[in-house]
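Visitor: Can you keep this structure in mind? I'll have questions shortly.
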Amino acid sequence: MPASRRHQRALAVFVNCLGVIAAVPALSPAAPRAEAAPARPAPPPAVAPGAAATPIPTGVPAVPPAVPTTGPAPVRPSMPPVSVAVGASGTPAPGYRIEVRNAGSAPVDTMVRQELPSGSRATTVTGGGRTSRPAGTSAGEVTWRLRLPAKSTTTLHTALSIPGPGRSVTAPTCVYGSDGTRPYDCATATWVGAATAPAAQVTAAPAWRRPPVLLAAFTALLVVTAGVVWWAVWRRRRRTAATPTGTPGGGAVHTGAPGGGVPGLGTPGGAGPGQGGPGHGTPGRNGPAERGTVYPRTAVPSPASRRRRPPVWLVVGVAAAVLAGVVGAAAWSATQRVAAMDTTKQPTSGAWVGSSVTGALGQPLRETAFEFTVYRVSCGAEVLPTAPGGGRPCLATIGVRNLTNEDQTWHGQLQRAYLPSGNWVAADEDATRVANLGRDVFSQPVAAGRRVLLPLVFTMRGDEPPKRLELRSGVFSAGVRVDVA
């Protein structure tokens, strides 16, 4: 190896070693070590009584403190200071007693709303209430603006008139804040009439008008007709088989003496007078004359009669009748099954869990995990500001109770409002967050056994109010349906 190359390698190794030595002091230790403590420790300071003890360094990293979970806490609503209780009166006409209680230590400004059933009107309202029909609703409501004193109870009364006597009437009532959108509490009561209208009796159709009876009669007629035709054909065959048939050639067979003569008679050769000469055949009577034989002729059996087949028209007619009967029975059975189907009911098997329940405003409806109660639905710009993207907001006051022993979550996209045309929209999560003062009610689970009361907002495209709400706790839950129109 040349000397110049050896010098270059030695110089490179020397420079690399200098770089490593220069870089070592720049490396700072990741954590102070216990061995770096001074060899002569200072005397420990005096610890005052009751003060916390200082941990002694051991050189082992300390266990990190427990970090609380970052998941959303379940919704545990605080008890509102304002509550409401509703009871049905025992009067002949629908009547209700409403008690609004303020359990707080300060006066509260509230708005009380009672929903009136469709077709009814208020005849008596106490406490300065006003009857109105909000825009976008098909029923009226009674509204009170009350200032509840501290530790007080206010009692209100209403009486309604309904078009049909004897039916049950449900009137939910809610207490809101002064703005009329944030509910404090809601309650409901159902008035049941003393005399219920008798149920309409359905008169059964006569037996001769029932489809099964008509089908059975038609089948019996086909069977009887086929039997009569078969009996007639059988009788005809028997008569044909009983008719006698002659021997071949038409000649009579004799078994007398040889030569065909008759013993004791003086006629040689058996040719008697008037018998037509030799041969036992009679010319001109039974066919051509036949030659005589010395031995008797054996009888020839008659040919077997051919089995007659039924006529084509009979076979085709019976087949057509049977086919018509089968097609008629199948069509009737399919019609009955299709008529018995309920197209508005959710499936109760397969991927769906539970069965769907349908009710009206103010009725608690249960499904697999939640109990839903819809107290009020109102639409229009006076309820909430118009959404930035356009559309008409509809505010629904809903009570949700967790019936299980575990915290349950629910999703806004599964809560739907159906229009009369059949189209539907999901809950507007952004508008719902605004109505709940910035709280996302879908991101927080509902605590086990608890009930929450919250406003739910649907943004409708058009002037039509929703006809029905569909609420469910999970993707595979059959859910509940509430008629709000």
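Chain lettering (A, B, ...) mirrors the order of the structure tokens, residue numbering begins at 1 for each chain separately, and ligand numbering begins at 1 in order of display.
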Could you give me, as a tab-separated table (two decimals) with N, CA, C and O atoms, in the first residue's frame, the residues within 8 Å of range 418-432 of chain A, counting only C-alpha atoms and dropping anything in the same chain fewer than 5 positions from it?
Guide:
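Everything below was put into out37.tsv:
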chain	number	residue	atom	x	y	z
A	387	ALA	N	-82.46	27.54	10.09
A	387	ALA	CA	-81.13	26.97	9.96
A	387	ALA	C	-80.34	27.71	8.88
A	387	ALA	O	-80.91	28.23	7.92
A	412	GLY	N	-78.47	10.35	16.46
A	412	GLY	CA	-79.40	11.27	15.84
A	412	GLY	C	-79.89	10.83	14.48
A	412	GLY	O	-81.02	11.13	14.08
A	413	GLN	N	-79.05	10.10	13.72
A	413	GLN	CA	-79.47	9.68	12.39
A	413	GLN	C	-80.56	8.61	12.43
A	413	GLN	O	-81.20	8.36	11.40
A	440	ASP	N	-74.20	18.24	23.46
A	440	ASP	CA	-74.47	17.19	22.46
A	440	ASP	C	-75.11	16.01	23.18
A	440	ASP	O	-74.45	15.24	23.87
A	455	PRO	N	-85.13	18.75	24.07
A	455	PRO	CA	-85.72	19.11	22.77
A	455	PRO	C	-84.93	18.47	21.63
A	455	PRO	O	-83.69	18.40	21.67
A	456	LEU	N	-85.65	18.00	20.63
A	456	LEU	CA	-85.06	17.38	19.45
A	456	LEU	C	-85.55	18.17	18.24
A	456	LEU	O	-86.75	18.43	18.10
A	457	VAL	N	-84.63	18.54	17.36
A	457	VAL	CA	-84.94	19.43	16.24
A	457	VAL	C	-84.85	18.65	14.93
A	457	VAL	O	-83.87	17.91	14.70
A	458	PHE	N	-85.87	18.80	14.08
A	458	PHE	CA	-85.88	18.26	12.72
A	458	PHE	C	-86.03	19.43	11.75
A	458	PHE	O	-86.91	20.28	11.93
A	459	THR	N	-85.19	19.49	10.75
A	459	THR	CA	-85.25	20.55	9.74
A	459	THR	C	-86.00	20.02	8.53
A	459	THR	O	-85.51	19.13	7.84
A	460	MET	N	-87.19	20.57	8.28
A	460	MET	CA	-88.06	20.10	7.21
A	460	MET	C	-87.84	20.94	5.96
A	460	MET	O	-87.61	22.15	6.03
A	464	GLU	N	-94.95	21.40	4.79
A	464	GLU	CA	-95.75	20.35	5.41
A	464	GLU	C	-95.20	20.01	6.79
A	464	GLU	O	-93.98	19.83	6.95
A	465	PRO	N	-96.07	19.92	7.79
A	465	PRO	CA	-95.61	19.49	9.12
A	465	PRO	C	-95.41	17.99	9.14
A	465	PRO	O	-95.98	17.25	8.32
A	466	PRO	N	-94.61	17.47	10.05
A	466	PRO	CA	-94.42	16.02	10.12
A	466	PRO	C	-95.70	15.32	10.55
A	466	PRO	O	-96.50	15.84	11.33
A	467	LYS	N	-95.88	14.14	10.02
A	467	LYS	CA	-97.05	13.33	10.34
A	467	LYS	C	-96.76	12.31	11.43
A	467	LYS	O	-97.63	11.97	12.23
A	468	ARG	N	-95.53	11.81	11.47
A	468	ARG	CA	-95.19	10.75	12.40
A	468	ARG	C	-93.71	10.84	12.75
A	468	ARG	O	-92.89	11.21	11.91
A	469	LEU	N	-93.38	10.53	14.00
A	469	LEU	CA	-91.99	10.44	14.44
A	469	LEU	C	-91.65	8.98	14.68
A	469	LEU	O	-92.46	8.22	15.22
A	470	GLU	N	-90.45	8.61	14.28
A	470	GLU	CA	-89.95	7.25	14.49
A	470	GLU	C	-88.67	7.34	15.32
A	470	GLU	O	-87.67	7.92	14.88
Visitor: Might you pull out every residue within 9 Å of Ser178 in chain A, with only C-alpha atoms counted and same-chain residues fewer than 4 positions away left off, and present them as a list in words?
Guide: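 Result of the neighbour search: Val108, Asp109, Thr110, Met111, Arg145 and Arg182 of chain A.
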Visitor: Check the smallest atom-to-atom distance from each of A:Cys379, A:Val228, A:Leu471, A:Leu454 to Leu365 in chain A using only C-alpha atoms, then report the winner.
Guide: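 For Leu365 in chain A, the nearest of the candidates is A:Leu471.
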Visitor: Hey, which of A:Gly90, A:Ala232, A:Val327, A:Thr404 ends up closest to Pro310 in chain A? Count only C-alpha atoms.
Guide: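 Closest residue, counting only C-alpha atoms: A:Ala232.
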Visitor: Go through range 410-449 of chain A and collect every residue that DSSP, computed from the backbone, puts in alpha helix (DSSP H); the answer should be as a count of residues only.
Guide: 7
Visitor: Here is a test: counting only C-alpha atoms, which residue of A:Thr170, A:Thr124, A:Thr225, A:Ser118 is nearest to Leu314 in chain A?
Guide: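 Using only C-alpha atoms, the shortest distance to Leu314 in chain A belongs to A:Thr225.
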Visitor: Write out as a PyMOL selection string which residues come within 12 Å of range 209-213 of chain A when counting only C-alpha atoms, dropping same-chain ones fewer than 6 positions away.
Guide: chain A and resi 219-220+325+328-333+335-336
